[in-house]
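Shown next: coords19.pdb, given as PDB, C-alpha atoms, pLDDT in the B column.
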```pdb
MODEL        1
ATOM      1  CA  MET W  25      16.807  10.186   9.457  1.00 91.00           C
ATOM      2  CA  ARG W  26      14.752  12.694  11.403  1.00 94.00           C
ATOM      3  CA  PRO W  27      12.423  11.284  14.079  1.00 96.00           C
ATOM      4  CA  PHE W  28       8.654  11.185  13.955  1.00 98.00           C
ATOM      5  CA  PRO W  29       7.445  14.736  14.764  1.00 98.00           C
ATOM      6  CA  GLU W  30       6.603  15.251  18.423  1.00 97.00           C
ATOM      7  CA  LYS W  31       4.229  18.071  17.492  1.00 97.00           C
ATOM      8  CA  VAL W  32       1.932  15.594  15.748  1.00 98.00           C
ATOM      9  CA  LEU W  33       1.775  13.450  18.875  1.00 97.00           C
ATOM     10  CA  LYS W  34       1.170  16.517  21.043  1.00 98.00           C
ATOM     11  CA  ASP W  35      -1.536  18.037  18.832  1.00 98.00           C
ATOM     12  CA  PHE W  36      -3.384  14.774  18.105  1.00 98.00           C
ATOM     13  CA  PRO W  37      -2.706  12.497  21.102  1.00 98.00           C
ATOM     14  CA  ARG W  38      -6.009  10.625  20.919  1.00 97.00           C
ATOM     15  CA  GLU W  39      -5.723   9.610  17.279  1.00 98.00           C
ATOM     16  CA  PHE W  40      -2.016   8.724  17.195  1.00 98.00           C
ATOM     17  CA  ALA W  41      -1.960   6.913  20.555  1.00 97.00           C
ATOM     18  CA  VAL W  42      -2.597   3.665  18.680  1.00 98.00           C
ATOM     19  CA  PHE W  43       0.843   3.897  17.045  1.00 98.00           C
ATOM     20  CA  LYS W  44       2.502   2.937  20.329  1.00 98.00           C
ATOM     21  CA  LYS W  45       0.851  -0.494  20.122  1.00 98.00           C
ATOM     22  CA  LEU W  46       1.638  -0.958  16.432  1.00 98.00           C
ATOM     23  CA  ASN W  47       5.264  -1.870  17.107  1.00 98.00           C
ATOM     24  CA  SER W  48       5.730  -4.489  14.391  1.00 98.00           C
ATOM     25  CA  PRO W  49       4.778  -4.781  10.714  1.00 98.00           C
ATOM     26  CA  ALA W  50       2.467  -7.680  11.555  1.00 98.00           C
ATOM     27  CA  LYS W  51       0.579  -5.594  14.133  1.00 98.00           C
ATOM     28  CA  ILE W  52       0.301  -2.710  11.676  1.00 98.00           C
ATOM     29  CA  GLN W  53      -1.121  -5.118   9.108  1.00 98.00           C
ATOM     30  CA  ASP W  54      -3.624  -6.517  11.610  1.00 98.00           C
ATOM     31  CA  PHE W  55      -4.763  -2.971  12.381  1.00 98.00           C
ATOM     32  CA  LEU W  56      -5.205  -2.147   8.693  1.00 98.00           C
ATOM     33  CA  ASP W  57      -7.157  -5.356   8.164  1.00 97.00           C
ATOM     34  CA  GLY W  58      -9.635  -4.147  10.801  1.00 97.00           C
ATOM     35  CA  LEU W  59     -10.384  -0.907   8.949  1.00 98.00           C
ATOM     36  CA  ARG W  60     -13.271  -0.754   6.506  1.00 97.00           C
ATOM     37  CA  ILE W  61     -12.447  -0.303   2.856  1.00 97.00           C
ATOM     38  CA  ASN W  62     -12.898   3.257   1.622  1.00 97.00           C
ATOM     39  CA  PHE W  63     -15.197   2.896  -1.396  1.00 97.00           C
ATOM     40  CA  GLU W  64     -14.860   6.635  -2.118  1.00 96.00           C
ATOM     41  CA  LYS W  65     -18.623   7.075  -2.258  1.00 93.00           C
ATOM     42  CA  GLY W  66     -18.298  10.864  -2.288  1.00 93.00           C
ATOM     43  CA  GLY W  67     -15.528  10.956  -4.897  1.00 96.00           C
ATOM     44  CA  ASP W  68     -11.830  10.160  -5.125  1.00 97.00           C
ATOM     45  CA  THR W  69      -9.822  10.578  -1.928  1.00 98.00           C
ATOM     46  CA  SER W  70      -6.227  10.396  -0.789  1.00 98.00           C
ATOM     47  CA  ARG W  71      -6.582  10.835   2.956  1.00 98.00           C
ATOM     48  CA  SER W  72      -3.828  11.544   5.428  1.00 98.00           C
ATOM     49  CA  PRO W  73      -3.098   9.102   8.263  1.00 98.00           C
ATOM     50  CA  LEU W  74      -4.985  11.390  10.659  1.00 98.00           C
ATOM     51  CA  MET W  75      -8.110  11.339   8.485  1.00 98.00           C
ATOM     52  CA  VAL W  76      -7.876   7.562   8.118  1.00 98.00           C
ATOM     53  CA  LEU W  77      -7.631   7.149  11.888  1.00 98.00           C
ATOM     54  CA  ARG W  78     -10.663   9.384  12.369  1.00 98.00           C
ATOM     55  CA  LYS W  79     -12.824   7.816   9.690  1.00 97.00           C
ATOM     56  CA  ARG W  80     -11.652   4.235  10.360  1.00 98.00           C
ATOM     57  CA  GLU W  81     -11.523   3.350   6.674  1.00 97.00           C
ATOM     58  CA  ALA W  82      -8.908   3.333   3.918  1.00 98.00           C
ATOM     59  CA  HIS W  83      -8.096   2.179   0.410  1.00 98.00           C
ATOM     60  CA  CYS W  84      -4.675   0.983  -0.694  1.00 98.00           C
ATOM     61  CA  ILE W  85      -2.559   4.151  -0.793  1.00 98.00           C
ATOM     62  CA  GLU W  86      -4.290   5.545   2.299  1.00 98.00           C
ATOM     63  CA  GLY W  87      -3.530   2.331   4.146  1.00 98.00           C
ATOM     64  CA  ALA W  88       0.035   2.335   2.844  1.00 98.00           C
ATOM     65  CA  MET W  89       0.630   5.894   4.065  1.00 98.00           C
ATOM     66  CA  LEU W  90      -0.829   5.043   7.480  1.00 98.00           C
ATOM     67  CA  ALA W  91       1.445   1.991   7.680  1.00 98.00           C
ATOM     68  CA  ALA W  92       4.455   4.054   6.616  1.00 98.00           C
ATOM     69  CA  ALA W  93       3.635   6.614   9.320  1.00 98.00           C
ATOM     70  CA  ALA W  94       3.446   3.888  11.972  1.00 98.00           C
ATOM     71  CA  LEU W  95       6.779   2.472  10.830  1.00 98.00           C
ATOM     72  CA  TRP W  96       8.292   5.962  11.017  1.00 98.00           C
ATOM     73  CA  TYR W  97       6.958   6.346  14.568  1.00 98.00           C
ATOM     74  CA  HIS W  98       8.993   3.271  15.491  1.00 98.00           C
ATOM     75  CA  GLY W  99      12.172   4.530  13.873  1.00 97.00           C
ATOM     76  CA  GLU W 100      11.845   3.024  10.375  1.00 98.00           C
ATOM     77  CA  ARG W 101      11.873   4.903   7.097  1.00 98.00           C
ATOM     78  CA  PRO W 102       8.375   5.703   5.748  1.00 98.00           C
ATOM     79  CA  LEU W 103       8.540   4.029   2.337  1.00 98.00           C
ATOM     80  CA  LEU W 104       5.930   3.291  -0.327  1.00 98.00           C
ATOM     81  CA  LEU W 105       6.071   0.976  -3.335  1.00 98.00           C
ATOM     82  CA  ASP W 106       3.892   1.543  -6.407  1.00 98.00           C
ATOM     83  CA  LEU W 107       2.726  -1.402  -8.517  1.00 98.00           C
ATOM     84  CA  LYS W 108       1.482  -0.264 -11.928  1.00 98.00           C
ATOM     85  CA  THR W 109      -0.794  -2.230 -14.230  1.00 97.00           C
ATOM     86  CA  LYS W 110      -1.812  -2.146 -17.869  1.00 95.00           C
ATOM     87  CA  LYS W 111      -4.879  -0.118 -18.818  1.00 92.00           C
ATOM     88  CA  GLY W 112      -8.111  -1.598 -17.532  1.00 91.00           C
ATOM     89  CA  ASP W 113      -6.857  -2.489 -14.059  1.00 95.00           C
ATOM     90  CA  ASP W 114      -6.037  -0.510 -10.921  1.00 95.00           C
ATOM     91  CA  ASP W 115      -2.562   0.198  -9.590  1.00 97.00           C
ATOM     92  CA  HIS W 116      -1.718  -0.867  -6.045  1.00 98.00           C
ATOM     93  CA  VAL W 117       0.451   0.752  -3.365  1.00 98.00           C
ATOM     94  CA  VAL W 118       2.048  -0.926  -0.350  1.00 98.00           C
ATOM     95  CA  ALA W 119       4.277   0.204   2.509  1.00 99.00           C
ATOM     96  CA  LEU W 120       7.760  -1.286   2.549  1.00 98.00           C
ATOM     97  CA  PHE W 121       9.772  -2.461   5.523  1.00 98.00           C
ATOM     98  CA  LYS W 122      13.049  -4.295   5.985  1.00 97.00           C
ATOM     99  CA  GLN W 123      14.037  -6.864   8.612  1.00 97.00           C
ATOM    100  CA  GLY W 124      17.227  -8.909   8.725  1.00 97.00           C
ATOM    101  CA  GLY W 125      18.283  -7.479   5.384  1.00 97.00           C
ATOM    102  CA  HIS W 126      15.099  -8.677   3.673  1.00 98.00           C
ATOM    103  CA  TRP W 127      12.102  -6.750   2.350  1.00 98.00           C
ATOM    104  CA  GLY W 128       8.455  -7.170   3.267  1.00 98.00           C
ATOM    105  CA  ALA W 129       5.257  -5.235   2.541  1.00 98.00           C
ATOM    106  CA  ILE W 130       2.148  -4.042   4.368  1.00 99.00           C
ATOM    107  CA  SER W 131      -0.943  -3.870   2.171  1.00 98.00           C
ATOM    108  CA  LYS W 132      -4.523  -2.647   2.462  1.00 98.00           C
ATOM    109  CA  THR W 133      -6.778  -4.426  -0.021  1.00 97.00           C
ATOM    110  CA  ASN W 134     -10.345  -5.653  -0.194  1.00 96.00           C
ATOM    111  CA  HIS W 135      -9.459  -8.851  -2.014  1.00 92.00           C
ATOM    112  CA  ALA W 136      -8.077 -12.239  -1.075  1.00 89.00           C
ATOM    113  CA  VAL W 137      -4.831 -11.462  -2.904  1.00 90.00           C
ATOM    114  CA  LEU W 138      -2.283  -8.600  -3.020  1.00 95.00           C
ATOM    115  CA  ARG W 139      -1.862  -8.769   0.750  1.00 97.00           C
ATOM    116  CA  TYR W 140       0.902  -8.711   3.378  1.00 98.00           C
ATOM    117  CA  ARG W 141       4.339 -10.021   2.484  1.00 98.00           C
ATOM    118  CA  ASP W 142       6.655 -11.418   5.138  1.00 98.00           C
ATOM    119  CA  PRO W 143      10.229 -10.055   5.078  1.00 98.00           C
ATOM    120  CA  ILE W 144      11.845 -12.883   3.134  1.00 98.00           C
ATOM    121  CA  TYR W 145      12.687 -11.087  -0.133  1.00 98.00           C
ATOM    122  CA  ARG W 146      16.298 -10.137  -0.831  1.00 98.00           C
ATOM    123  CA  THR W 147      15.393  -7.426  -3.340  1.00 98.00           C
ATOM    124  CA  ILE W 148      12.463  -5.185  -4.192  1.00 98.00           C
ATOM    125  CA  ARG W 149      12.110  -7.011  -7.493  1.00 98.00           C
ATOM    126  CA  GLU W 150      11.749 -10.353  -5.708  1.00 98.00           C
ATOM    127  CA  LEU W 151       8.994  -8.880  -3.556  1.00 98.00           C
ATOM    128  CA  VAL W 152       7.211  -7.368  -6.556  1.00 98.00           C
ATOM    129  CA  LEU W 153       7.300 -10.651  -8.450  1.00 98.00           C
ATOM    130  CA  SER W 154       5.466 -12.310  -5.550  1.00 98.00           C
ATOM    131  CA  TYR W 155       2.448 -10.211  -6.585  1.00 97.00           C
ATOM    132  CA  PHE W 156       2.681 -10.893 -10.312  1.00 97.00           C
ATOM    133  CA  HIS W 157       0.593 -14.057 -10.673  1.00 95.00           C
ATOM    134  CA  GLU W 158      -2.061 -12.757  -8.284  1.00 92.00           C
ATOM    135  CA  TYR W 159      -2.629  -9.615 -10.323  1.00 96.00           C
ATOM    136  CA  PHE W 160      -5.205 -10.388 -13.023  1.00 96.00           C
ATOM    137  CA  LEU W 161      -8.566  -9.331 -14.427  1.00 95.00           C
ATOM    138  CA  ASP W 162     -11.759 -11.405 -14.330  1.00 94.00           C
ATOM    139  CA  SER W 163     -10.821 -12.443 -17.880  1.00 96.00           C
ATOM    140  CA  GLY W 164      -7.626 -14.054 -16.542  1.00 96.00           C
ATOM    141  CA  VAL W 165      -5.298 -11.530 -18.183  1.00 97.00           C
ATOM    142  CA  LYS W 166      -2.308 -10.775 -15.948  1.00 97.00           C
ATOM    143  CA  THR W 167      -1.860  -7.024 -15.661  1.00 97.00           C
ATOM    144  CA  LEU W 168       1.119  -6.065 -13.464  1.00 98.00           C
ATOM    145  CA  ARG W 169       3.671  -4.275 -15.629  1.00 98.00           C
ATOM    146  CA  THR W 170       6.004  -1.948 -13.690  1.00 98.00           C
ATOM    147  CA  TYR W 171       7.071  -1.055 -10.154  1.00 98.00           C
ATOM    148  CA  SER W 172       8.684   1.947  -8.493  1.00 98.00           C
ATOM    149  CA  ARG W 173      11.855   2.098  -6.464  1.00 97.00           C
ATOM    150  CA  PRO W 174      11.291   2.596  -2.700  1.00 98.00           C
ATOM    151  CA  PHE W 175       9.556   5.963  -2.418  1.00 98.00           C
ATOM    152  CA  SER W 176      10.327   7.954   0.742  1.00 98.00           C
ATOM    153  CA  LEU W 177       7.735  10.216   2.339  1.00 98.00           C
ATOM    154  CA  LEU W 178      10.367  12.167   4.300  1.00 98.00           C
ATOM    155  CA  PRO W 179      10.778  14.864   1.602  1.00 98.00           C
ATOM    156  CA  PHE W 180       7.121  15.813   2.050  1.00 98.00           C
ATOM    157  CA  GLY W 181       7.695  17.231   5.538  1.00 97.00           C
ATOM    158  CA  ASP W 182       5.194  16.543   8.311  1.00 97.00           C
ATOM    159  CA  ASP W 183       1.921  17.963   6.970  1.00 97.00           C
ATOM    160  CA  TRP W 184       1.018  14.758   5.126  1.00 98.00           C
ATOM    161  CA  LEU W 185       0.512  13.071   8.485  1.00 98.00           C
ATOM    162  CA  THR W 186      -2.351  15.329   9.566  1.00 98.00           C
ATOM    163  CA  SER W 187      -3.657  17.185   6.515  1.00 98.00           C
ATOM    164  CA  ALA W 188      -7.408  17.623   6.197  1.00 98.00           C
ATOM    165  CA  GLU W 189      -6.913  17.929   2.440  1.00 98.00           C
ATOM    166  CA  ASN W 190      -6.362  15.091  -0.014  1.00 98.00           C
ATOM    167  CA  LEU W 191      -2.699  14.241  -0.572  1.00 98.00           C
ATOM    168  CA  TRP W 192      -2.714  14.446  -4.360  1.00 98.00           C
ATOM    169  CA  GLU W 193       0.844  15.793  -4.356  1.00 98.00           C
ATOM    170  CA  ILE W 194       2.100  12.489  -2.962  1.00 98.00           C
ATOM    171  CA  ASN W 195      -0.095  10.460  -5.303  1.00 98.00           C
ATOM    172  CA  ASN W 196       1.202  12.319  -8.328  1.00 98.00           C
ATOM    173  CA  ALA W 197       4.840  12.249  -7.247  1.00 98.00           C
ATOM    174  CA  LEU W 198       4.681   8.501  -6.686  1.00 98.00           C
ATOM    175  CA  ASP W 199       2.966   7.944 -10.022  1.00 97.00           C
ATOM    176  CA  GLU W 200       5.572  10.035 -11.842  1.00 98.00           C
ATOM    177  CA  SER W 201       8.593   8.553 -10.052  1.00 98.00           C
ATOM    178  CA  PRO W 202      10.914   6.156 -11.954  1.00 97.00           C
ATOM    179  CA  HIS W 203       9.397   2.722 -12.580  1.00 98.00           C
ATOM    180  CA  PHE W 204      10.946  -0.512 -13.808  1.00 98.00           C
ATOM    181  CA  ASP W 205       9.512  -3.102 -16.181  1.00 98.00           C
ATOM    182  CA  ILE W 206       8.431  -6.441 -14.767  1.00 97.00           C
ATOM    183  CA  ALA W 207       9.403  -8.315 -17.924  1.00 96.00           C
ATOM    184  CA  GLU W 208      10.325  -7.801 -21.565  1.00 96.00           C
ATOM    185  CA  LYS W 209       7.541  -7.289 -24.114  1.00 95.00           C
ATOM    186  CA  GLY W 210       8.148 -10.676 -25.669  1.00 97.00           C
ATOM    187  CA  ALA W 211       7.559 -12.434 -22.351  1.00 97.00           C
ATOM    188  CA  ILE W 212       4.468 -10.333 -21.606  1.00 97.00           C
ATOM    189  CA  ALA W 213       2.984 -11.273 -24.986  1.00 96.00           C
ATOM    190  CA  LYS W 214       3.219 -14.984 -24.110  1.00 97.00           C
ATOM    191  CA  LEU W 215       1.634 -14.839 -20.656  1.00 97.00           C
ATOM    192  CA  ARG W 216      -0.836 -17.619 -19.888  1.00 98.00           C
ATOM    193  CA  LEU W 217      -4.269 -16.681 -18.574  1.00 98.00           C
ATOM    194  CA  SER W 218      -4.943 -17.332 -14.912  1.00 97.00           C
ATOM    195  CA  HIS W 219      -6.834 -20.545 -14.221  1.00 97.00           C
ATOM    196  CA  PRO W 220     -10.635 -20.200 -13.794  1.00 96.00           C
ATOM    197  CA  LEU W 221     -10.307 -21.369 -10.182  1.00 96.00           C
ATOM    198  CA  GLU W 222      -7.828 -18.560  -9.501  1.00 94.00           C
ATOM    199  CA  ARG W 223     -10.203 -16.071 -11.083  1.00 94.00           C
ATOM    200  CA  GLU W 224     -13.046 -17.275  -8.896  1.00 94.00           C
ATOM    201  CA  ALA W 225     -10.896 -16.991  -5.766  1.00 91.00           C
ATOM    202  CA  GLY W 226      -9.907 -13.492  -6.848  1.00 90.00           C
ATOM    203  CA  LYS W 227     -13.531 -12.377  -6.577  1.00 91.00           C
ATOM    204  CA  ILE W 228     -13.594 -12.922  -2.817  1.00 93.00           C
ATOM    205  CA  VAL W 229     -13.850  -9.587  -0.985  1.00 94.00           C
ATOM    206  CA  GLU W 230     -13.550  -8.716   2.699  1.00 94.00           C
ATOM    207  CA  TRP W 231     -15.885  -5.728   2.696  1.00 94.00           C
ATOM    208  CA  LYS W 232     -19.021  -5.153   0.639  1.00 92.00           C
ATOM    209  CA  LYS W 233     -20.470  -1.759  -0.216  1.00 87.00           C
ATOM    210  CA  GLY W 234     -23.065  -0.749   2.358  1.00 71.00           C
ATOM    211  CA  GLU W 235     -21.519  -2.677   5.251  1.00 65.00           C
TER
ENDMDL
END
```
Please lay out the structure from this file as structure tokens.
Amino acid sequence: MRPFPEKVLKDFPREFAVFKKLNSPAKIQDFLDGLRINFEKGGDTSRSPLMVLRKREAHCIEGAMLAAAALWYHGERPLLLDLKTKKGDDDHVVALFKQGGHWGAISKTNHAVLRYRDPIYRTIRELVLSYFHEYFLDSGVKTLRTYSRPFSLLPFGDDWLTSAENLWEINNALDESPHFDIAEKGAIAKLRLSHPLEREAGKIVEWKKGE
């Protein structure tokens, strides 16, 4: 695997200096938690890590790409994982990491659920299933349906780290990459609604618009 590009560190030393301190998945997650949520008030965005560091806000895929970049800086592969839902709900993207042969995930979200996962999962599927019962609408309908294989950002070169333009190429490539079903249709048809208490807890948000 090629190393994190020195040119990025040389050209943008002030912004990327923080990566030196983010030397564990837990520290990367803590940093993401401190960023405001990007509510995309001016329209849809898919900001590069540089733009996220400058604006100090991110939504899920922006946070995942920043986390993947920080992992790459410390010698890990920059990997994303896409979680796709049924129509009516939003997909979610996390950054993957592996420790001791087990998978974990770094996640930027505004809600009480769909957050960080410690590296205790033997397979990607095990990790994905840990999100299944947390992924539901206000009606209680569970919506998670498919997941991608680990998606490497290395084929996209170095420009994605510092681009001033939205990274729609990465968004689209991730969306179009192979995905695997969570469960068979028969099992999906018999899913129980989430409990009303779970639904109420799911409404808790960390950031409110205007803050």
If you take all atoms listed in the file and a cut-off of 12 Å, which residues of segment 29-76 of chain W touch segment 142-148 of chain W, and what are their nearest atom pairs and distances in Å to one decimal, in chain and number order, as a tab-separated table?
```
residue	atom	partner	partner_atom	distance
W:Ser48	CA	W:Asp142	CA	11.6
W:Pro49	CA	W:Asp142	CA	8.9
W:Ala50	CA	W:Asp142	CA	8.5
W:Gln53	CA	W:Asp142	CA	10.8
```
Of W:Arg71, W:Arg38, W:His116, W:Lys132, the one nearest to Ile52 of chain W when counting only C-alpha atoms is W:Lys132
What lies within 6 Å of Val118 of chain W using all atoms listed in the file, ignoring chain neighbours under 2 positions off, as an NGL selection string? :W and (88 or 104-105 or 130-131)
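What separates atom CA of Asp54 of chain W from atom CA of Pro179 of chain W is a distance of 27.7 Å.
The coordinates place atom CA of Arg173 of chain W at 22.1 Å from atom CA of Pro73 of chain W.
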Find the spatial neighbours of segment 188-197 of chain W, counting only C-alpha atoms, within a cut-off of 7 Å - ignore same-chain residues fewer than 2 positions away - and output them as a tab-separated table (two decimals) with C-alpha atoms, in the frame of the given file.
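The resulting file, result-v9.tsv, is shown below:
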```tsv
chain	number	residue	atom	x	y	z
W	69	THR	CA	-9.82	10.58	-1.93
W	70	SER	CA	-6.23	10.40	-0.79
W	71	ARG	CA	-6.58	10.84	2.96
W	72	SER	CA	-3.83	11.54	5.43
W	75	MET	CA	-8.11	11.34	8.48
W	184	TRP	CA	1.02	14.76	5.13
W	186	THR	CA	-2.35	15.33	9.57
W	199	ASP	CA	2.97	7.94	-10.02
W	200	GLU	CA	5.57	10.04	-11.84
W	201	SER	CA	8.59	8.55	-10.05
```
Which residue out of W:Val117, W:Ala213, W:Met25, W:Leu178 has the minimum interatomic distance to Arg139 of chain W when all atoms listed in the file are used? W:Val117
For the file shown, what are the residues hit by the PyMOL selection byres ((chain W and resi 40) around 12), laid out as JSON, numbers by chain? {"W": [28, 29, 30, 31, 32, 33, 34, 35, 36, 37, 38, 39, 41, 42, 43, 44, 45, 46, 73, 74, 75, 76, 77, 78, 90, 93, 94, 97, 185, 186]}
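Once the PyMOL selection byres ((chain W and resi 164) around 10) is applied to the depicted file, the selected set reads Tyr159, Phe160, Leu161, Asp162, Ser163, Val165, Lys166, Thr167, Arg216, Leu217, Ser218, His219, Pro220, Glu222, Arg223, Glu224 and Gly226 of chain W.
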If you take every atom of segment 225-233 of chain W that the file lists and fit an axis-aligned box around them with 3 Å extra on each side, what centre and edge lengths come out in Å to one decimal, as AutoDock Vina command-line options?
```
--center_x -15.2 --center_y -9.4 --center_z -2.1 --size_x 16.6 --size_y 21.2 --size_z 15.5
```
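Distance-wise, atom CA of Ala225 of chain W and atom CA of Gly67 of chain W end up 28.3 Å apart.
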Which residues match the PyMOL selection byres ((chain W and resi 63-66) around 9) in the file above, as an MDAnalysis selection string? chainID W and resid 60:62 67:69 81:83 233
Written selection (C-alpha atoms) as a tab-separated table (two decimals), in the frame of the given file:
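Written output follows (selection_25.tsv):
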```tsv
chain	number	residue	atom	x	y	z
W	60	ARG	CA	-13.27	-0.75	6.51
W	61	ILE	CA	-12.45	-0.30	2.86
W	62	ASN	CA	-12.90	3.26	1.62
W	67	GLY	CA	-15.53	10.96	-4.90
W	68	ASP	CA	-11.83	10.16	-5.12
W	69	THR	CA	-9.82	10.58	-1.93
W	81	GLU	CA	-11.52	3.35	6.67
W	82	ALA	CA	-8.91	3.33	3.92
W	83	HIS	CA	-8.10	2.18	0.41
W	233	LYS	CA	-20.47	-1.76	-0.22
```
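Around the coordinate (-9.8, -6.7, -1.3), residues that reach within 7 Å when counting all atoms listed in the file are Thr133, Asn134, His135, Ala136, Val229 and Glu230 of chain W.
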Which of these, W:Leu221, W:Val152, W:Leu198, W:Ala207, has the shortest distance to Leu103 of chain W once you count only C-alpha atoms? W:Leu198
Closest of W:Lys108, W:Lys51, W:Arg141, W:Lys209 to Ser172 of chain W, counting all atoms listed in the file, is W:Lys108
For Tyr171 of chain W: contacts at 6 Å, only C-alpha atoms, fewer than 2 positions along chain excluded, given as a compact mmCIF listing (two decimals) with C-alpha atoms, in the coordinates of the input:
```
# COMPACT_ATOMS: atom_id res chain seq x y z
CA ASP W 106 3.89 1.54 -6.41
CA LEU W 107 2.73 -1.40 -8.52
CA LYS W 108 1.48 -0.26 -11.93
CA HIS W 203 9.40 2.72 -12.58
CA PHE W 204 10.95 -0.51 -13.81
```
Using the partial input, fill out segment 74-93 of chain W with N, CA and C atoms; write the result as a short mmCIF file (atom, residue, chain, number, x, y, z; two decimals), in the coordinates of the input.
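File rebuild-v1.cif, as written:
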```cif
data_model
loop_
_atom_site.label_atom_id
_atom_site.label_comp_id
_atom_site.auth_asym_id
_atom_site.auth_seq_id
_atom_site.Cartn_x
_atom_site.Cartn_y
_atom_site.Cartn_z
N LEU W 74 -4.04 10.88 9.66
CA LEU W 74 -4.99 11.39 10.66
C LEU W 74 -6.42 11.18 10.23
N MET W 75 -6.74 11.49 8.97
CA MET W 75 -8.11 11.34 8.48
C MET W 75 -8.52 9.86 8.44
N VAL W 76 -7.58 9.00 8.11
CA VAL W 76 -7.88 7.56 8.12
C VAL W 76 -8.19 7.10 9.53
N LEU W 77 -7.40 7.54 10.50
CA LEU W 77 -7.63 7.15 11.89
C LEU W 77 -8.98 7.66 12.39
N ARG W 78 -9.38 8.83 11.94
CA ARG W 78 -10.66 9.38 12.37
C ARG W 78 -11.84 8.70 11.70
N LYS W 79 -11.70 8.40 10.43
CA LYS W 79 -12.82 7.82 9.69
C LYS W 79 -12.86 6.30 9.77
N ARG W 80 -11.75 5.69 10.18
CA ARG W 80 -11.65 4.24 10.36
C ARG W 80 -11.92 3.48 9.07
N GLU W 81 -11.43 4.03 7.95
CA GLU W 81 -11.52 3.35 6.67
C GLU W 81 -10.39 3.84 5.77
N ALA W 82 -10.02 2.99 4.81
CA ALA W 82 -8.91 3.33 3.92
C ALA W 82 -8.97 2.48 2.67
N HIS W 83 -8.41 3.02 1.56
CA HIS W 83 -8.10 2.18 0.41
C HIS W 83 -6.58 2.02 0.36
N CYS W 84 -6.05 1.49 -0.73
CA CYS W 84 -4.68 0.98 -0.69
C CYS W 84 -3.63 2.04 -0.37
N ILE W 85 -3.62 3.18 -1.07
CA ILE W 85 -2.56 4.15 -0.79
C ILE W 85 -2.77 4.82 0.56
N GLU W 86 -4.02 4.99 0.97
CA GLU W 86 -4.29 5.54 2.30
C GLU W 86 -3.79 4.60 3.39
N GLY W 87 -4.03 3.32 3.20
CA GLY W 87 -3.53 2.33 4.15
C GLY W 87 -2.02 2.26 4.15
N ALA W 88 -1.43 2.38 2.95
CA ALA W 88 0.04 2.34 2.84
C ALA W 88 0.67 3.53 3.55
N MET W 89 0.08 4.72 3.40
CA MET W 89 0.63 5.89 4.07
C MET W 89 0.47 5.80 5.58
N LEU W 90 -0.65 5.25 6.04
CA LEU W 90 -0.83 5.04 7.48
C LEU W 90 0.22 4.06 8.00
N ALA W 91 0.44 2.97 7.27
CA ALA W 91 1.44 1.99 7.68
C ALA W 91 2.84 2.60 7.70
N ALA W 92 3.15 3.40 6.68
CA ALA W 92 4.46 4.05 6.62
C ALA W 92 4.64 5.00 7.80
N ALA W 93 3.57 5.71 8.17
CA ALA W 93 3.64 6.61 9.32
C ALA W 93 3.90 5.84 10.60
#
```
